[in-house]
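Engineer: Input input_22.pdb, format and content: PDB, C-alpha atoms, pLDDT in the B column.
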ATOM      1  CA  MET D   1     -23.983  35.385 -27.295  1.00 51.00           C
ATOM      2  CA  SER D   2     -26.576  34.616 -24.700  1.00 60.00           C
ATOM      3  CA  ALA D   3     -26.541  31.552 -22.491  1.00 68.00           C
ATOM      4  CA  ASP D   4     -29.640  29.624 -21.595  1.00 75.00           C
ATOM      5  CA  GLU D   5     -30.650  30.718 -18.080  1.00 74.00           C
ATOM      6  CA  GLY D   6     -30.832  27.037 -17.073  1.00 81.00           C
ATOM      7  CA  GLU D   7     -27.136  26.683 -17.901  1.00 90.00           C
ATOM      8  CA  ILE D   8     -26.111  29.490 -15.521  1.00 92.00           C
ATOM      9  CA  LYS D   9     -24.858  27.879 -12.320  1.00 94.00           C
ATOM     10  CA  VAL D  10     -23.118  30.855 -10.668  1.00 96.00           C
ATOM     11  CA  LYS D  11     -25.489  33.809 -10.819  1.00 95.00           C
ATOM     12  CA  SER D  12     -23.027  36.210  -9.178  1.00 95.00           C
ATOM     13  CA  LEU D  13     -20.506  35.447 -11.919  1.00 97.00           C
ATOM     14  CA  LYS D  14     -23.167  36.134 -14.552  1.00 96.00           C
ATOM     15  CA  LYS D  15     -23.866  39.518 -12.947  1.00 97.00           C
ATOM     16  CA  ALA D  16     -20.165  40.368 -12.975  1.00 98.00           C
ATOM     17  CA  ILE D  17     -19.816  39.422 -16.635  1.00 97.00           C
ATOM     18  CA  ASP D  18     -22.966  41.390 -17.452  1.00 97.00           C
ATOM     19  CA  VAL D  19     -21.296  44.432 -15.861  1.00 98.00           C
ATOM     20  CA  LEU D  20     -18.204  43.965 -18.035  1.00 97.00           C
ATOM     21  CA  ASN D  21     -20.381  43.517 -21.115  1.00 97.00           C
ATOM     22  CA  CYS D  22     -21.908  46.964 -20.541  1.00 97.00           C
ATOM     23  CA  PHE D  23     -18.589  48.409 -21.690  1.00 97.00           C
ATOM     24  CA  ILE D  24     -19.057  46.886 -25.143  1.00 95.00           C
ATOM     25  CA  GLU D  25     -21.544  49.619 -26.046  1.00 91.00           C
ATOM     26  CA  VAL D  26     -20.237  52.548 -23.971  1.00 94.00           C
ATOM     27  CA  GLN D  27     -16.606  53.293 -23.068  1.00 94.00           C
ATOM     28  CA  SER D  28     -17.154  54.809 -19.629  1.00 97.00           C
ATOM     29  CA  LEU D  29     -20.024  54.257 -17.243  1.00 98.00           C
ATOM     30  CA  GLY D  30     -21.004  55.157 -13.713  1.00 98.00           C
ATOM     31  CA  VAL D  31     -22.469  52.880 -11.067  1.00 98.00           C
ATOM     32  CA  THR D  32     -25.960  54.317 -11.515  1.00 98.00           C
ATOM     33  CA  GLU D  33     -25.858  53.894 -15.295  1.00 98.00           C
ATOM     34  CA  ILE D  34     -24.848  50.245 -15.026  1.00 98.00           C
ATOM     35  CA  SER D  35     -27.387  49.631 -12.266  1.00 98.00           C
ATOM     36  CA  GLU D  36     -30.183  51.018 -14.428  1.00 98.00           C
ATOM     37  CA  ARG D  37     -29.067  49.110 -17.546  1.00 97.00           C
ATOM     38  CA  LEU D  38     -28.946  45.774 -15.749  1.00 98.00           C
ATOM     39  CA  GLY D  39     -31.640  46.202 -13.117  1.00 98.00           C
ATOM     40  CA  LEU D  40     -29.154  45.525 -10.321  1.00 98.00           C
ATOM     41  CA  TYR D  41     -28.812  47.289  -6.989  1.00 98.00           C
ATOM     42  CA  LYS D  42     -26.207  50.037  -7.025  1.00 98.00           C
ATOM     43  CA  SER D  43     -24.461  48.420  -4.064  1.00 98.00           C
ATOM     44  CA  ASN D  44     -24.061  45.183  -6.057  1.00 98.00           C
ATOM     45  CA  VAL D  45     -22.692  47.052  -9.055  1.00 98.00           C
ATOM     46  CA  HIS D  46     -20.308  49.007  -6.836  1.00 98.00           C
ATOM     47  CA  ASP D  47     -19.025  45.804  -5.227  1.00 98.00           C
ATOM     48  CA  ILE D  48     -18.490  44.172  -8.614  1.00 98.00           C
ATOM     49  CA  LEU D  49     -16.701  47.235  -9.992  1.00 98.00           C
ATOM     50  CA  SER D  50     -14.534  47.514  -6.871  1.00 98.00           C
ATOM     51  CA  THR D  51     -13.461  43.906  -7.288  1.00 98.00           C
ATOM     52  CA  PHE D  52     -12.724  44.393 -10.989  1.00 98.00           C
ATOM     53  CA  GLN D  53     -10.798  47.557 -10.140  1.00 98.00           C
ATOM     54  CA  ALA D  54      -8.675  45.717  -7.561  1.00 98.00           C
ATOM     55  CA  MET D  55      -7.866  43.163 -10.263  1.00 97.00           C
ATOM     56  CA  ASN D  56      -7.190  45.845 -12.960  1.00 97.00           C
ATOM     57  CA  TYR D  57     -10.114  44.821 -15.168  1.00 97.00           C
ATOM     58  CA  VAL D  58     -11.619  48.299 -14.817  1.00 98.00           C
ATOM     59  CA  THR D  59     -10.197  51.672 -13.883  1.00 97.00           C
ATOM     60  CA  GLN D  60     -12.034  54.606 -12.347  1.00 97.00           C
ATOM     61  CA  SER D  61     -11.568  58.138 -13.644  1.00 97.00           C
ATOM     62  CA  LYS D  62     -10.593  60.467 -10.827  1.00 96.00           C
ATOM     63  CA  SER D  63     -12.200  63.421 -12.589  1.00 97.00           C
ATOM     64  CA  THR D  64     -15.575  61.891 -13.514  1.00 96.00           C
ATOM     65  CA  GLY D  65     -15.867  58.923 -11.149  1.00 97.00           C
ATOM     66  CA  LYS D  66     -16.889  56.761 -14.106  1.00 98.00           C
ATOM     67  CA  TYR D  67     -15.347  53.398 -14.872  1.00 98.00           C
ATOM     68  CA  TYR D  68     -13.764  52.118 -18.058  1.00 97.00           C
ATOM     69  CA  LEU D  69     -11.982  48.933 -19.083  1.00 97.00           C
ATOM     70  CA  GLY D  70      -8.572  48.438 -17.526  1.00 96.00           C
ATOM     71  CA  PRO D  71      -5.231  47.003 -18.639  1.00 96.00           C
ATOM     72  CA  GLN D  72      -5.987  43.431 -17.558  1.00 96.00           C
ATOM     73  CA  ILE D  73      -8.516  43.229 -20.393  1.00 95.00           C
ATOM     74  CA  LEU D  74      -5.644  43.703 -22.855  1.00 93.00           C
ATOM     75  CA  ARG D  75      -3.857  40.668 -21.400  1.00 94.00           C
ATOM     76  CA  LEU D  76      -6.952  38.592 -22.144  1.00 92.00           C
ATOM     77  CA  ILE D  77      -7.113  39.977 -25.693  1.00 91.00           C
ATOM     78  CA  ASN D  78      -3.425  39.188 -26.215  1.00 92.00           C
ATOM     79  CA  ALA D  79      -3.928  35.639 -24.946  1.00 92.00           C
ATOM     80  CA  LEU D  80      -6.794  35.197 -27.387  1.00 89.00           C
ATOM     81  CA  SER D  81      -4.857  36.615 -30.339  1.00 86.00           C
ATOM     82  CA  GLU D  82      -1.862  34.375 -29.572  1.00 82.00           C
ATOM     83  CA  ARG D  83      -4.070  31.310 -29.616  1.00 75.00           C
TER      84      ARG D  83
END
Let's see the structure in the file written out as structure tokens.
Structural biologist:
Amino acid sequence: MSADEGEIKVKSLKKAIDVLNCFIEVQSLGVTEISERLGLYKSNVHDILSTFQAMNYVTQSKSTGKYYLGPQILRLINALSER
């Protein structure tokens, strides 16, 4: 589902959601991979991922350094399924 660009009021939030949406197609991704997919600066992607990591929406693999969806995503799924 794509929103009309004119409807997007908080561009930083759109970028963050775009980062999360990258994990729909691929389970684990690195900063560079996401940066290239979205055309964002690596520093922006890193900041977004760090924030999501602090909030448990993504987790970083210690062995590969790549990120994957975290346990907080399951809470959202459960809330949706209970609706």
Engineer: Using the chain letters and numbers from this file, what does the PyMOL selection byres ((chain D and resi 72) around 10) select? Give the answer as a ChimeraX atom specification.
Structural biologist: /D:52-53,55-59,69-71,73-78
Engineer: Hey, can you check how far CA of Arg83 (chain D) sits from CA of Leu49 (chain D)?
Structural biologist: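 These atoms are spaced 28.3 Å apart.
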Engineer: Just so the selection is clear, what residues does the PyMOL selection byres ((chain D and resi 44) around 10) cover here, as an NGL selection string?
Structural biologist: :D and (12 or 15-16 or 31 or 35 or 40-43 or 45-50)
Engineer: Report the distance between CA of Glu36 (chain D) and CA of Ile24 (chain D) in Å, rounded to one decimal place.
Structural biologist: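 Rounded to one decimal, the two atoms are 16.0 Å apart.
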Engineer: Between D:Glu5, D:Ala54, D:Tyr68, D:Lys11, which residue has the minimum interatomic distance to Phe23 (chain D), considering all atoms listed in the file?
Structural biologist: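 Nearest to Phe23 (chain D): D:Tyr68.
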Engineer: Just the number, please: distance in Å from CA of Ser63 (chain D) to CA of Val26 (chain D), one decimal.
Structural biologist: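 CA of Val26 (chain D) lies at a distance of 17.7 Å from CA of Ser63 (chain D).
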Engineer: Which neighbours of Lys66 (chain D) fall inside 8 Å, counting all atoms listed in the file, when residues of the same chain fewer than 6 positions from it are skipped, and could you give them as a ChimeraX atom specification?
Structural biologist: /D:28-31,60
Engineer: Under the rule that only C-alpha atoms are counted, which of D:Ile8, D:Leu13, D:Ala79, D:Val19 is the nearest residue to Leu38 (chain D)?
Structural biologist: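 Answer, going by the shortest atom-to-atom distance: D:Val19.
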